[in-house]
Structures are given as C-alpha cells and as structure tokens.
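Trainee: Compact mmCIF, C-alpha atoms (C1' of nucleotides), file run.txt:
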```txt
# COMPACT_ATOMS: atom_id res chain seq x y z
CA MET Y 24 173.80 20.43 -11.34
CA ASP Y 25 172.05 19.95 -8.02
CA SER Y 26 175.14 19.38 -5.90
CA ALA Y 27 176.71 20.90 -2.76
CA GLU Y 28 174.04 19.15 -0.74
CA HIS Y 29 174.41 19.89 3.01
CA ALA Y 30 177.59 21.63 4.09
CA SER Y 31 177.36 21.15 7.85
CA ALA Y 32 175.00 23.78 9.30
CA PRO Y 33 173.47 26.89 7.72
CA ALA Y 34 174.10 30.10 9.62
CA GLY Y 35 171.33 31.47 11.80
CA ILE Y 36 169.83 28.10 12.55
CA ILE Y 37 169.91 26.68 16.04
CA ASN Y 38 170.47 22.94 16.05
CA PRO Y 39 169.38 21.53 19.42
CA LEU Y 40 170.64 18.09 18.45
CA GLU Y 41 174.25 19.19 18.41
CA GLU Y 42 174.72 18.48 22.09
CA ARG Y 43 173.25 15.00 21.80
CA LEU Y 44 175.71 12.14 21.86
CA GLY Y 45 173.53 9.94 19.68
CA TYR Y 46 173.24 12.63 17.02
CA GLN Y 47 176.97 13.29 16.94
CA LEU Y 48 177.65 9.58 16.65
CA ARG Y 49 175.25 9.29 13.72
CA ARG Y 50 176.73 12.23 11.83
CA ALA Y 51 180.32 11.12 12.41
CA SER Y 52 179.56 7.49 11.62
CA THR Y 53 177.76 8.36 8.39
CA VAL Y 54 180.58 10.57 7.16
CA MET Y 55 183.24 7.98 7.94
CA GLN Y 56 181.21 5.14 6.44
CA ALA Y 57 180.81 7.10 3.20
CA ASP Y 58 184.51 7.84 3.11
CA LEU Y 59 185.39 4.20 3.76
CA THR Y 60 183.17 3.16 0.88
CA LYS Y 61 185.12 5.51 -1.39
CA ALA Y 62 188.42 4.28 0.07
CA LEU Y 63 187.48 0.72 -0.92
CA SER Y 64 186.42 1.66 -4.43
CA GLY Y 65 187.67 -0.65 -7.13
CA LEU Y 66 187.98 -3.56 -4.71
CA SER Y 67 184.31 -4.55 -5.00
CA LEU Y 68 184.13 -4.77 -1.23
CA ARG Y 69 181.55 -3.12 0.94
CA PRO Y 70 182.56 -2.00 4.45
CA HIS Y 71 181.06 -5.08 6.09
CA GLU Y 72 182.73 -7.45 3.67
CA ALA Y 73 186.08 -5.77 4.28
CA SER Y 74 185.58 -6.04 8.04
CA ALA Y 75 184.78 -9.74 7.79
CA LEU Y 76 187.87 -10.26 5.65
CA LEU Y 77 190.11 -8.68 8.28
CA LEU Y 78 188.50 -10.66 11.07
CA ILE Y 79 189.06 -13.93 9.23
CA GLU Y 80 192.65 -12.93 8.55
CA LYS Y 81 193.37 -12.56 12.26
CA ASN Y 82 191.28 -15.58 13.26
CA PRO Y 83 191.74 -18.41 10.78
CA GLY Y 84 189.12 -21.10 11.33
CA ILE Y 85 186.50 -18.69 12.66
CA THR Y 86 182.87 -19.47 11.83
CA GLN Y 87 180.29 -17.13 10.29
CA SER Y 88 178.29 -17.02 13.47
CA GLU Y 89 181.35 -16.01 15.44
CA ILE Y 90 182.09 -13.25 12.94
CA GLY Y 91 178.54 -12.01 13.31
CA ARG Y 92 178.75 -11.96 17.08
CA SER Y 93 182.08 -10.15 16.96
CA LEU Y 94 181.06 -7.48 14.49
CA GLY Y 95 177.42 -7.04 15.47
CA ILE Y 96 176.05 -8.55 12.29
CA LYS Y 97 173.13 -10.95 12.56
CA ARG Y 98 173.65 -14.54 11.50
CA ALA Y 99 171.06 -14.11 8.76
CA ASN Y 100 172.96 -11.15 7.33
CA MET Y 101 176.30 -12.92 7.52
CA ALA Y 102 175.18 -15.66 5.12
CA PRO Y 103 175.35 -13.59 1.91
CA ILE Y 104 178.60 -11.96 3.01
CA ALA Y 105 180.28 -15.31 3.62
CA ALA Y 106 178.85 -16.71 0.39
CA MET Y 107 180.23 -13.76 -1.56
CA LEU Y 108 183.70 -14.07 -0.07
CA SER Y 109 183.64 -17.78 -0.79
CA ASN Y 110 182.33 -17.40 -4.34
CA ARG Y 111 185.15 -14.98 -5.12
CA HIS Y 112 187.62 -17.48 -3.66
CA LEU Y 113 188.82 -14.99 -1.09
CA VAL Y 114 188.08 -17.40 1.74
CA GLU Y 115 188.02 -21.17 1.96
CA ARG Y 116 185.45 -23.05 3.94
CA SER Y 117 186.48 -26.24 5.71
CA ARG Y 118 183.89 -28.40 7.42
CA PHE Y 119 184.32 -28.14 11.12
CA ASP Y 120 181.61 -30.11 12.72
CA GLY Y 121 178.86 -30.87 10.24
CA ARG Y 122 176.79 -27.85 10.95
CA SER Y 123 179.56 -25.25 11.02
CA GLN Y 124 182.50 -24.39 8.83
CA GLY Y 125 185.83 -22.79 9.63
CA LEU Y 126 186.80 -19.89 7.38
CA ARG Y 127 190.32 -18.92 6.39
CA LEU Y 128 191.80 -16.66 3.74
CA SER Y 129 193.04 -17.93 0.41
CA PRO Y 130 196.26 -16.39 -0.97
CA GLU Y 131 194.09 -13.97 -2.97
CA GLY Y 132 192.23 -13.15 0.21
CA GLU Y 133 195.49 -12.47 2.02
CA ALA Y 134 196.61 -10.12 -0.71
CA LEU Y 135 193.30 -8.29 -0.68
CA ALA Y 136 193.40 -8.01 3.11
CA HIS Y 137 196.76 -6.27 2.84
CA THR Y 138 195.32 -3.76 0.42
CA VAL Y 139 192.36 -3.20 2.72
CA HIS Y 140 194.66 -2.50 5.65
CA LYS Y 141 196.55 0.09 3.66
CA ARG Y 142 193.41 1.82 2.39
CA MET Y 143 191.88 1.79 5.87
CA ASN Y 144 194.96 3.35 7.40
CA VAL Y 145 194.81 6.24 4.95
CA HIS Y 146 191.06 6.54 5.45
CA GLU Y 147 191.26 6.68 9.23
CA ALA Y 148 194.17 9.11 9.20
CA ARG Y 149 191.99 11.59 7.32
CA PHE Y 150 189.77 11.90 10.38
CA LEU Y 151 192.44 12.10 13.04
CA PRO Y 152 194.52 15.00 11.83
CA GLU Y 153 194.98 16.81 15.09
CA LEU Y 154 194.91 13.97 17.57
CA SER Y 155 198.00 12.41 19.02
CA PRO Y 156 198.11 8.59 19.06
CA SER Y 157 197.22 8.58 22.73
CA GLU Y 158 194.35 11.00 22.23
CA ARG Y 159 193.12 8.80 19.42
CA VAL Y 160 193.17 5.76 21.68
CA ALA Y 161 191.37 7.73 24.38
CA LEU Y 162 188.62 8.82 22.02
CA THR Y 163 188.19 5.37 20.52
CA SER Y 164 187.95 3.66 23.89
CA ALA Y 165 185.59 6.32 25.23
CA ILE Y 166 183.25 5.56 22.34
CA ALA Y 167 183.69 1.85 22.98
CA LYS Y 168 182.37 2.35 26.51
CA VAL Y 169 179.21 3.91 25.12
CA TRP Y 170 178.05 0.64 23.63
CA ALA Y 171 179.96 -1.78 25.88
CA ASP Y 172 176.88 -2.53 27.97
CA GLU Y 173 174.97 -3.30 24.77
CA ASP Y 174 171.83 -2.38 26.77
CA MET G 25 163.47 -18.95 19.97
CA ASP G 26 166.57 -17.90 18.10
CA SER G 27 167.46 -14.92 20.27
CA ALA G 28 170.50 -13.65 22.21
CA GLU G 29 172.05 -12.65 18.92
CA HIS G 30 175.50 -11.01 19.36
CA ALA G 31 176.58 -10.15 22.88
CA SER G 32 179.63 -7.98 22.17
CA ALA G 33 182.63 -10.21 21.46
CA PRO G 34 183.14 -13.95 21.88
CA ALA G 35 186.15 -14.91 23.95
CA GLY G 36 189.29 -16.05 22.17
CA ILE G 37 188.63 -13.99 19.09
CA ILE G 38 190.90 -11.13 18.15
CA ASN G 39 188.98 -8.22 16.67
CA PRO G 40 191.40 -5.98 14.77
CA LEU G 41 188.63 -3.47 14.11
CA GLU G 42 188.33 -2.54 17.76
CA GLU G 43 191.02 0.11 17.52
CA ARG G 44 189.42 1.71 14.47
CA LEU G 45 187.56 4.93 15.08
CA GLY G 46 185.12 4.30 12.22
CA TYR G 47 184.23 0.87 13.59
CA GLN G 48 183.65 2.15 17.11
CA LEU G 49 181.47 4.95 15.77
CA ARG G 50 179.38 2.48 13.79
CA ARG G 51 178.84 0.12 16.72
CA ALA G 52 178.01 2.91 19.15
CA SER G 53 175.78 4.69 16.67
CA THR G 54 173.85 1.53 15.81
CA VAL G 55 173.22 0.68 19.46
CA MET G 56 172.07 4.19 20.31
CA GLN G 57 169.89 4.45 17.21
CA ALA G 58 168.16 1.19 18.13
CA ASP G 59 167.62 2.38 21.67
CA LEU G 60 166.24 5.71 20.48
CA THR G 61 163.79 3.88 18.25
CA LYS G 62 162.55 1.99 21.29
CA ALA G 63 162.47 5.18 23.35
CA LEU G 64 160.13 6.72 20.76
CA SER G 65 157.84 3.71 20.59
CA GLY G 66 154.17 4.53 20.64
CA LEU G 67 154.75 7.99 19.21
CA SER G 68 154.87 6.77 15.61
CA LEU G 69 158.01 8.81 15.06
CA ARG G 70 161.22 7.55 13.59
CA PRO G 71 164.49 9.09 14.78
CA HIS G 72 164.75 11.40 11.76
CA GLU G 73 161.19 12.61 12.12
CA ALA G 74 161.76 13.35 15.80
CA SER G 75 164.93 15.27 14.94
CA ALA G 76 163.13 17.35 12.34
CA LEU G 77 160.37 18.09 14.85
CA LEU G 78 162.85 19.43 17.40
CA LEU G 79 164.64 21.50 14.78
CA ILE G 80 161.38 23.11 13.66
CA GLU G 81 160.48 23.78 17.30
CA LYS G 82 163.66 25.80 17.83
CA ASN G 83 163.53 27.46 14.39
CA PRO G 84 159.96 28.34 13.47
CA GLY G 85 159.72 29.27 9.81
CA ILE G 86 162.59 27.01 8.75
CA THR G 87 162.32 25.39 5.31
CA GLN G 88 162.71 21.70 4.46
CA SER G 89 165.91 22.33 2.59
CA GLU G 90 167.39 24.12 5.59
CA ILE G 91 166.43 21.22 7.83
CA GLY G 92 168.12 18.84 5.44
CA ARG G 93 171.30 20.89 5.39
CA SER G 94 171.33 21.15 9.17
CA LEU G 95 170.73 17.47 9.89
CA GLY G 96 172.60 15.93 6.97
CA ILE G 97 169.46 14.67 5.24
CA LYS G 98 169.20 15.10 1.48
CA ARG G 99 166.47 17.32 0.12
CA ALA G 100 164.92 14.35 -1.66
CA ASN G 101 164.70 12.43 1.59
CA MET G 102 163.26 15.37 3.48
CA ALA G 103 160.17 15.50 1.27
CA PRO G 104 158.39 12.46 2.74
CA ILE G 105 159.38 13.45 6.28
CA ALA G 106 157.91 16.93 5.90
CA ALA G 107 154.83 15.53 4.20
CA MET G 108 154.27 13.10 7.03
CA LEU G 109 154.62 15.77 9.73
CA SER G 110 152.24 17.98 7.78
CA ASN G 111 149.70 15.21 7.13
CA ARG G 112 149.57 14.47 10.84
CA HIS G 113 149.05 18.17 11.53
CA LEU G 114 152.16 18.35 13.66
CA VAL G 115 153.57 21.16 11.56
CA GLU G 116 151.96 23.91 9.53
CA ARG G 117 153.33 25.03 6.21
CA SER G 118 153.06 28.69 5.28
CA ARG G 119 154.06 29.86 1.83
CA PHE G 120 157.23 31.82 2.07
CA ASP G 121 158.30 32.72 -1.37
CA GLY G 122 156.43 30.66 -3.92
CA ARG G 123 158.90 27.88 -4.15
CA SER G 124 159.60 27.42 -0.44
CA GLN G 125 157.48 27.08 2.65
CA GLY G 126 158.19 27.99 6.26
CA LEU G 127 157.46 25.24 8.77
CA ARG G 128 156.30 25.75 12.33
CA LEU G 129 154.80 23.48 14.97
CA SER G 130 151.09 23.22 15.60
CA PRO G 131 149.93 22.95 19.23
CA GLU G 132 149.87 19.17 18.81
CA GLY G 133 153.39 19.37 17.42
CA GLU G 134 154.54 21.39 20.42
CA ALA G 135 153.08 18.85 22.80
CA LEU G 136 154.73 15.99 20.95
CA ALA G 137 158.06 17.83 20.92
CA HIS G 138 157.91 18.07 24.70
CA THR G 139 157.37 14.35 24.97
CA VAL G 140 160.25 13.73 22.58
CA HIS G 141 162.58 15.87 24.69
CA LYS G 142 161.71 13.90 27.79
CA ARG G 143 162.15 10.53 26.13
CA MET G 144 165.43 11.62 24.56
CA ASN G 145 166.79 12.79 27.89
CA VAL G 146 166.12 9.40 29.45
CA HIS G 147 167.51 7.66 26.40
CA GLU G 148 170.77 9.62 26.36
CA ALA G 149 171.24 9.27 30.10
CA ARG G 150 171.31 5.51 29.68
CA PHE G 151 174.56 5.82 27.75
CA LEU G 152 176.34 8.32 29.94
CA PRO G 153 176.24 6.61 33.31
CA GLU G 154 179.80 7.22 34.40
CA LEU G 155 180.57 10.47 32.67
CA SER G 156 180.40 13.82 34.39
CA PRO G 157 178.57 16.60 32.51
CA SER G 158 181.89 18.10 31.46
CA GLU G 159 183.23 14.75 30.28
CA ARG G 160 180.06 14.27 28.33
CA VAL G 161 180.50 17.62 26.62
CA ALA G 162 184.14 16.80 25.93
CA LEU G 163 183.26 13.48 24.30
CA THR G 164 180.42 14.95 22.25
CA SER G 165 182.52 17.80 20.91
CA ALA G 166 185.45 15.50 20.18
CA ILE G 167 183.15 13.41 18.00
CA ALA G 168 181.81 16.58 16.40
CA LYS G 169 185.35 17.43 15.30
CA VAL G 170 185.63 14.10 13.53
CA TRP G 171 183.05 15.07 10.92
CA ALA G 172 183.38 18.86 11.11
CA ASP G 173 185.48 18.99 7.95
CA GLU G 174 182.79 16.96 6.19
CA ASP G 175 185.59 15.79 3.83
C1' DT H 4 171.32 29.64 -13.87
C1' DA H 5 170.37 28.22 -9.28
C1' DT H 6 167.08 26.73 -5.73
C1' DT H 7 162.77 24.41 -3.76
C1' DG H 8 160.06 20.73 -3.51
C1' DT H 9 158.89 16.38 -5.47
C1' DT H 10 158.93 11.54 -7.44
C1' DA H 11 161.21 7.42 -8.73
C1' DT H 12 164.65 4.33 -7.83
C1' DA H 13 168.61 1.73 -5.98
C1' DC H 14 171.88 0.34 -2.46
C1' DT H 15 173.46 -0.69 2.28
C1' DC H 16 172.54 -2.09 6.70
C1' DT H 17 169.42 -3.98 10.17
C1' DA H 18 165.73 -7.06 11.81
C1' DT H 19 162.42 -11.02 12.33
C1' DA H 20 160.56 -15.36 11.15
C1' DA H 21 160.98 -19.82 9.60
C1' DC H 22 163.25 -23.73 7.78
C1' DT H 23 166.95 -27.68 7.51
C1' DA H 24 170.58 -30.09 9.56
C1' DT H 25 173.22 -31.04 13.02
C1' DA H 26 174.67 -31.27 18.11
C1' DT L 28 166.69 -28.09 23.22
C1' DA L 29 170.05 -25.28 21.25
C1' DT L 30 173.12 -23.95 17.49
C1' DA L 31 174.80 -23.22 12.39
C1' DG L 32 173.67 -21.91 8.13
C1' DT L 33 170.21 -20.42 4.97
C1' DT L 34 166.25 -18.00 2.65
C1' DA L 35 162.68 -14.63 2.41
C1' DT L 36 161.12 -10.35 3.64
C1' DA L 37 160.55 -5.84 5.66
C1' DG L 38 162.08 -1.46 7.38
C1' DA L 39 165.40 2.28 8.00
C1' DG L 40 168.68 5.46 6.06
C1' DT L 41 171.35 7.20 2.15
C1' DA L 42 172.22 8.33 -2.72
C1' DT L 43 171.48 9.95 -7.63
C1' DA L 44 168.78 11.56 -11.44
C1' DA L 45 165.26 14.09 -13.26
C1' DC L 46 161.31 17.13 -13.40
C1' DA L 47 158.20 21.47 -12.62
C1' DA L 48 157.82 25.82 -10.58
C1' DT L 49 160.06 29.74 -9.02
C1' DA L 50 163.90 33.03 -8.15
```
Please express what this file holds, its structure, as structure tokens.
Mentor:
Amino acid sequence: MDSAEHASAPAGIINPLEERLGYQLRRASTVMQADLTKALSGLSLRPHEASALLLIEKNPGITQSEIGRSLGIKRANMAPIAAMLSNRHLVERSRFDGRSQGLRLSPEGEALAHTVHKRMNVHEARFLPELSPSERVALTSAIAKVWADED
Amino acid sequence: MDSAEHASAPAGIINPLEERLGYQLRRASTVMQADLTKALSGLSLRPHEASALLLIEKNPGITQSEIGRSLGIKRANMAPIAAMLSNRHLVERSRFDGRSQGLRLSPEGEALAHTVHKRMNVHEARFLPELSPSERVALTSAIAKVWADED
DNA sequence: TATTGTTATACTCTATAACTATA
DNA sequence: TATAGTTATAGAGTATAACAATA
C-alpha cells in the first residue's frame, strides 16, 4: 500500500531543526497548503487562483501587476492565473490605460468567491482549535512581522 | 532592468488574505526559504540537503526513511538527496540490515555541518530582530502546534 | 505482508530573461 | 526610461505509482 508516509517525528531521533523558525514555518505552511488544496477540491482552483479571486473581489478594477505585488507573485507568474480566470469567465477585463486592464468579478466569479470564503473558513478553523480569536490575531500578526521587512 | 518586483503591499489595496494564518505562513516561509538559499550560497547545498546534513550529524546511523519521516520529506524524494550527499563524500553509508543503510557524516561532512550551523544562525537572526529569546521560543512553538496534528 | 531504497513522472510555486506595447 | 502584460524556461519542493530486494 505504501502509505502512512511521515507521521511527525519518529521516537529516539533528535531533530535540531525543531527550534528553527524557518523550519517550523516551512512545515506549518506545507501542511496548511496541502489542506487548502483539498478544501478547494472540486472547484478547479489552486490556492493562488483562489487568493487572486478574493483580492479582485475586494478590489474591483485592480490590475494583474497590483495583484502580484500584493500577494508576492511575480508579474510573469500572474499572467497565466489571470488568463485562466478570464477564460473561465470568472473575471472580466476592462481596458484601463492601453497597457493595463482592470479586473473585476463576473456574477459567476462572485458566486465562486463566496464558496471559497466558506471553504477557507472551515479550512483555517481546523488549525486554530485551541486559540482564542485574540490569540489567533496575535499569532498571525507575529508571523506577519517576520516577513514585513521583506529583507 | 525589470526589478523591484513586489515590495509588500501597494497602498490603497485591501488584502483580505492578511488575516489568514495560512497566507501569513506562506509569505513568511517563502521569504525565509529564499534568504536561507542565499545564506547557503557557495556551499552547493539546497535547504533540504542542509537540513538532512544536520539531522545526520545529530543522529549518526540514521536511515534515509527516518530522515524523511523526521523532516516531512517523502522517501522517494529522499533518495536523490542521500545519493548526492554520498556522492560528494559528505556522508558514509554503512549497511545496516540488508535493505537499509545507516548514514553518518564524514570529516568533510562534519566540517560542512559546522559552516551550515554558522550560516543558519546568522540567517535566522535576521528575522528575529525585535524578539527576546523567550518570545522567539514562544512564536516557534506556537507555529509548531499549528501542524502538530498533521491533519 | 510490510519496509527500504529506487526510478519515473507530474504538479505547484518561484525565478530570470526577453519581448511587445504603451506611458 | 519605466511599466504592463506576455512567453519561454529553469529550478525547487511535493506527490503518486510501481518495482526489486529484504524483513
């Protein structure tokens, strides 16, 4: 069957990475990303596409480049994401200035965004079982400070 | 030149992802991973290879599969990492039971591990400028709890 | 039957370079 | 000169399936 791959940490092994912030961030991020992918299953949306959808929802008229700068996705990597959302008629592109286009959700896009919000809420709640809302905010903003400088 | 790609968040744009734990983890993890890659430059070691090296250092005789389970790397993806460390004579493989091999560092591997520790310390310190040691531990273990269940 | 190590393969995300066209 | 959008391409990391050898 070949399953039950990695459980967390075999007994008797000393993991010197466990005290490293970067390591903990990678492990936590990977687990949550995998869970988000499952949470979005059936919607044909990858995590980045879902994120872009929600950003357009809250910022109608936003351009691809602005989305990329907001989410940390390079302009070159935004192109196929925007093209996919447009091809599926989830977003509409309106010429803005000849070289850039404003994006906004279509009615189908709005409906899908609502579904994404609901799935994301359930997804996130799975990882915050013992944290109060204020503790959750504290943790989230502490992590935000880690990369705020962008170095 | 085409540089200065993404700064953090353009003004006037509302980012609804900012309060999401999964999003913050991804951004922070990506930034730290990129910085670690730079910190290791010249050593011809990718982050995963460096992690495996440090795990072998602290657990001489460990097998590839155990490394994978400890670090969250699938057995199939450990094979090329172990082969690379072995080909560069950084680790020695000693038959353990016919189907598995115990790994331990060679003198060159030990020396490289020391360098990795030093570079990693500098790297991590860059992201913890305003946290006290106890706050750092608190943040790291809070993140550890996020993925402890493994879901 | 289960585990170790391995190969092949595919997907997601990230990154750079280079090009067109607009500003 | 700089920016927007695009294409091509490469490199990480992650995932599954399948196989041989061993336990």
Trainee: To one decimal in Å, tell me the separation between atom CA of Gly46 of chain G and atom CA of Ala167 of chain Y.
Mentor: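 So the answer is 11.1 Å.
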Trainee: As a ChimeraX atom specification, could you give me every residue of chain Y near chain G (at most 8 Å apart, counting all atoms listed in the file)?
Mentor: /Y:28-33,36-40,42-45,47-52,54-56,74,77-78,81-82,89,91-98,147,150-151,160,162-167,169-171,173
Trainee: What are the nearest atom pairs, with distances in Å to one decimal, for all residues of chain G that come at most 10 Å from chain L, using all atoms listed in the file, set out by chain and rising residue number as a tab-separated table?
Mentor:
```
residue	atom	partner	partner_atom	distance
G:Met25	CA	L:DA29	C1'	9.2
G:Asp26	CA	L:DA29	C1'	8.7
G:Arg70	CA	L:DA39	C1'	8.7
G:Pro71	CA	L:DA39	C1'	9.7
G:His72	CA	L:DG40	C1'	9.1
G:Ile97	CA	L:DT41	C1'	8.3
G:Lys98	CA	L:DT41	C1'	8.2
G:Ala100	CA	L:DA42	C1'	9.5
G:Asn101	CA	L:DT41	C1'	8.5
G:Asp121	CA	L:DT49	C1'	8.4
G:Gly122	CA	L:DT49	C1'	6.3
G:Arg123	CA	L:DT49	C1'	5.3
G:Ser124	CA	L:DT49	C1'	8.9
```
Trainee: Give me, as JSON lines, each residue of chain H that comes within 9 Å of chain Y, together with its shortest interatomic pair and the distance in Å at one decimal, counting all atoms listed in the file, with rows ordered by chain and rising residue number.
Mentor:
```
{"residue": "H:DA5", "atom": "C1'", "partner": "Y:Asp25", "partner_atom": "CA", "distance": 8.5}
{"residue": "H:DT6", "atom": "C1'", "partner": "Y:Asp25", "partner_atom": "CA", "distance": 8.7}
{"residue": "H:DT15", "atom": "C1'", "partner": "Y:Arg69", "partner_atom": "CA", "distance": 8.6}
{"residue": "H:DT17", "atom": "C1'", "partner": "Y:Lys97", "partner_atom": "CA", "distance": 8.2}
{"residue": "H:DA18", "atom": "C1'", "partner": "Y:Lys97", "partner_atom": "CA", "distance": 8.4}
{"residue": "H:DA24", "atom": "C1'", "partner": "Y:Arg122", "partner_atom": "CA", "distance": 6.7}
{"residue": "H:DT25", "atom": "C1'", "partner": "Y:Arg122", "partner_atom": "CA", "distance": 5.2}
{"residue": "H:DA26", "atom": "C1'", "partner": "Y:Arg122", "partner_atom": "CA", "distance": 8.2}
```
Trainee: Give me, please, the distance in Å between atom CA of Ser117 of chain Y and atom CA of Gln87 of chain Y, quoted to one decimal.
Mentor: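 It comes out at 11.9 Å.
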Trainee: Could you check how far atom CA of Glu133 of chain Y sits from atom CA of Leu113 of chain Y, in Å to one decimal?
Mentor: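 According to the coordinates, atom CA of Glu133 of chain Y and atom CA of Leu113 of chain Y are separated by 7.8 Å.
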Trainee: Because some atoms of segment 32-53 of chain Y are absent here, can you restore N, CA, C and O atoms and send them as a PDB file, in the frame of the given file?
Mentor:
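See selection_31.pdb below for the written result:
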```
ATOM      1  N   ALA Y  32     176.029  23.090   8.524  1.00  0.00           N
ATOM      2  CA  ALA Y  32     175.000  23.780   9.300  1.00  0.00           C
ATOM      3  C   ALA Y  32     174.854  25.217   8.804  1.00  0.00           C
ATOM      4  O   ALA Y  32     175.770  26.014   8.944  1.00  0.00           O
ATOM      5  N   PRO Y  33     173.726  25.537   8.214  1.00  0.00           N
ATOM      6  CA  PRO Y  33     173.470  26.890   7.720  1.00  0.00           C
ATOM      7  C   PRO Y  33     173.530  27.881   8.875  1.00  0.00           C
ATOM      8  O   PRO Y  33     173.140  27.570  10.003  1.00  0.00           O
ATOM      9  N   ALA Y  34     174.005  29.067   8.584  1.00  0.00           N
ATOM     10  CA  ALA Y  34     174.100  30.100   9.620  1.00  0.00           C
ATOM     11  C   ALA Y  34     172.705  30.537  10.059  1.00  0.00           C
ATOM     12  O   ALA Y  34     171.747  30.455   9.303  1.00  0.00           O
ATOM     13  N   GLY Y  35     172.583  30.945  11.305  1.00  0.00           N
ATOM     14  CA  GLY Y  35     171.330  31.470  11.800  1.00  0.00           C
ATOM     15  C   GLY Y  35     170.371  30.414  12.277  1.00  0.00           C
ATOM     16  O   GLY Y  35     169.309  30.742  12.791  1.00  0.00           O
ATOM     17  N   ILE Y  36     170.717  29.166  12.106  1.00  0.00           N
ATOM     18  CA  ILE Y  36     169.830  28.100  12.550  1.00  0.00           C
ATOM     19  C   ILE Y  36     170.393  27.464  13.808  1.00  0.00           C
ATOM     20  O   ILE Y  36     171.578  27.150  13.893  1.00  0.00           O
ATOM     21  N   ILE Y  37     169.510  27.302  14.778  1.00  0.00           N
ATOM     22  CA  ILE Y  37     169.910  26.680  16.040  1.00  0.00           C
ATOM     23  C   ILE Y  37     169.617  25.192  15.950  1.00  0.00           C
ATOM     24  O   ILE Y  37     168.476  24.792  15.709  1.00  0.00           O
ATOM     25  N   ASN Y  38     170.659  24.382  16.130  1.00  0.00           N
ATOM     26  CA  ASN Y  38     170.470  22.940  16.050  1.00  0.00           C
ATOM     27  C   ASN Y  38     170.549  22.330  17.448  1.00  0.00           C
ATOM     28  O   ASN Y  38     171.635  22.091  17.965  1.00  0.00           O
ATOM     29  N   PRO Y  39     169.391  22.034  18.041  1.00  0.00           N
ATOM     30  CA  PRO Y  39     169.380  21.530  19.420  1.00  0.00           C
ATOM     31  C   PRO Y  39     169.903  20.107  19.541  1.00  0.00           C
ATOM     32  O   PRO Y  39     170.135  19.624  20.644  1.00  0.00           O
ATOM     33  N   LEU Y  40     170.112  19.453  18.407  1.00  0.00           N
ATOM     34  CA  LEU Y  40     170.640  18.090  18.450  1.00  0.00           C
ATOM     35  C   LEU Y  40     172.135  18.053  18.666  1.00  0.00           C
ATOM     36  O   LEU Y  40     172.694  17.010  19.046  1.00  0.00           O
ATOM     37  N   GLU Y  41     172.787  19.202  18.419  1.00  0.00           N
ATOM     38  CA  GLU Y  41     174.250  19.190  18.410  1.00  0.00           C
ATOM     39  C   GLU Y  41     174.875  18.737  19.717  1.00  0.00           C
ATOM     40  O   GLU Y  41     175.996  18.246  19.724  1.00  0.00           O
ATOM     41  N   GLU Y  42     174.148  18.890  20.813  1.00  0.00           N
ATOM     42  CA  GLU Y  42     174.720  18.480  22.090  1.00  0.00           C
ATOM     43  C   GLU Y  42     174.364  17.029  22.439  1.00  0.00           C
ATOM     44  O   GLU Y  42     174.731  16.538  23.497  1.00  0.00           O
ATOM     45  N   ARG Y  43     173.649  16.384  21.528  1.00  0.00           N
ATOM     46  CA  ARG Y  43     173.250  15.000  21.800  1.00  0.00           C
ATOM     47  C   ARG Y  43     174.322  14.025  21.331  1.00  0.00           C
ATOM     48  O   ARG Y  43     174.753  14.062  20.173  1.00  0.00           O
ATOM     49  N   LEU Y  44     174.698  13.126  22.200  1.00  0.00           N
ATOM     50  CA  LEU Y  44     175.710  12.140  21.860  1.00  0.00           C
ATOM     51  C   LEU Y  44     175.270  11.262  20.688  1.00  0.00           C
ATOM     52  O   LEU Y  44     176.035  11.002  19.754  1.00  0.00           O
ATOM     53  N   GLY Y  45     174.021  10.816  20.740  1.00  0.00           N
ATOM     54  CA  GLY Y  45     173.530   9.940  19.680  1.00  0.00           C
ATOM     55  C   GLY Y  45     173.549  10.604  18.319  1.00  0.00           C
ATOM     56  O   GLY Y  45     173.889   9.980  17.308  1.00  0.00           O
ATOM     57  N   TYR Y  46     173.222  11.878  18.280  1.00  0.00           N
ATOM     58  CA  TYR Y  46     173.240  12.630  17.020  1.00  0.00           C
ATOM     59  C   TYR Y  46     174.659  12.766  16.499  1.00  0.00           C
ATOM     60  O   TYR Y  46     174.918  12.525  15.326  1.00  0.00           O
ATOM     61  N   GLN Y  47     175.585  13.146  17.371  1.00  0.00           N
ATOM     62  CA  GLN Y  47     176.970  13.290  16.940  1.00  0.00           C
ATOM     63  C   GLN Y  47     177.530  11.965  16.434  1.00  0.00           C
ATOM     64  O   GLN Y  47     178.257  11.929  15.436  1.00  0.00           O
ATOM     65  N   LEU Y  48     177.175  10.888  17.100  1.00  0.00           N
ATOM     66  CA  LEU Y  48     177.650   9.580  16.650  1.00  0.00           C
ATOM     67  C   LEU Y  48     177.105   9.257  15.268  1.00  0.00           C
ATOM     68  O   LEU Y  48     177.817   8.737  14.412  1.00  0.00           O
ATOM     69  N   ARG Y  49     175.835   9.573  15.033  1.00  0.00           N
ATOM     70  CA  ARG Y  49     175.250   9.290  13.720  1.00  0.00           C
ATOM     71  C   ARG Y  49     175.927  10.088  12.625  1.00  0.00           C
ATOM     72  O   ARG Y  49     176.288   9.533  11.582  1.00  0.00           O
ATOM     73  N   ARG Y  50     176.107  11.398  12.857  1.00  0.00           N
ATOM     74  CA  ARG Y  50     176.730  12.230  11.830  1.00  0.00           C
ATOM     75  C   ARG Y  50     178.157  11.762  11.534  1.00  0.00           C
ATOM     76  O   ARG Y  50     178.549  11.613  10.373  1.00  0.00           O
ATOM     77  N   ALA Y  51     178.928  11.532  12.605  1.00  0.00           N
ATOM     78  CA  ALA Y  51     180.320  11.120  12.410  1.00  0.00           C
ATOM     79  C   ALA Y  51     180.397   9.757  11.738  1.00  0.00           C
ATOM     80  O   ALA Y  51     181.190   9.538  10.814  1.00  0.00           O
ATOM     81  N   SER Y  52     179.549   8.843  12.179  1.00  0.00           N
ATOM     82  CA  SER Y  52     179.560   7.490  11.620  1.00  0.00           C
ATOM     83  C   SER Y  52     179.193   7.502  10.140  1.00  0.00           C
ATOM     84  O   SER Y  52     179.814   6.820   9.316  1.00  0.00           O
ATOM     85  N   THR Y  53     178.202   8.286   9.789  1.00  0.00           N
ATOM     86  CA  THR Y  53     177.760   8.360   8.390  1.00  0.00           C
ATOM     87  C   THR Y  53     178.866   8.911   7.494  1.00  0.00           C
ATOM     88  O   THR Y  53     179.116   8.380   6.405  1.00  0.00           O
TER      89      THR Y  53
END
```
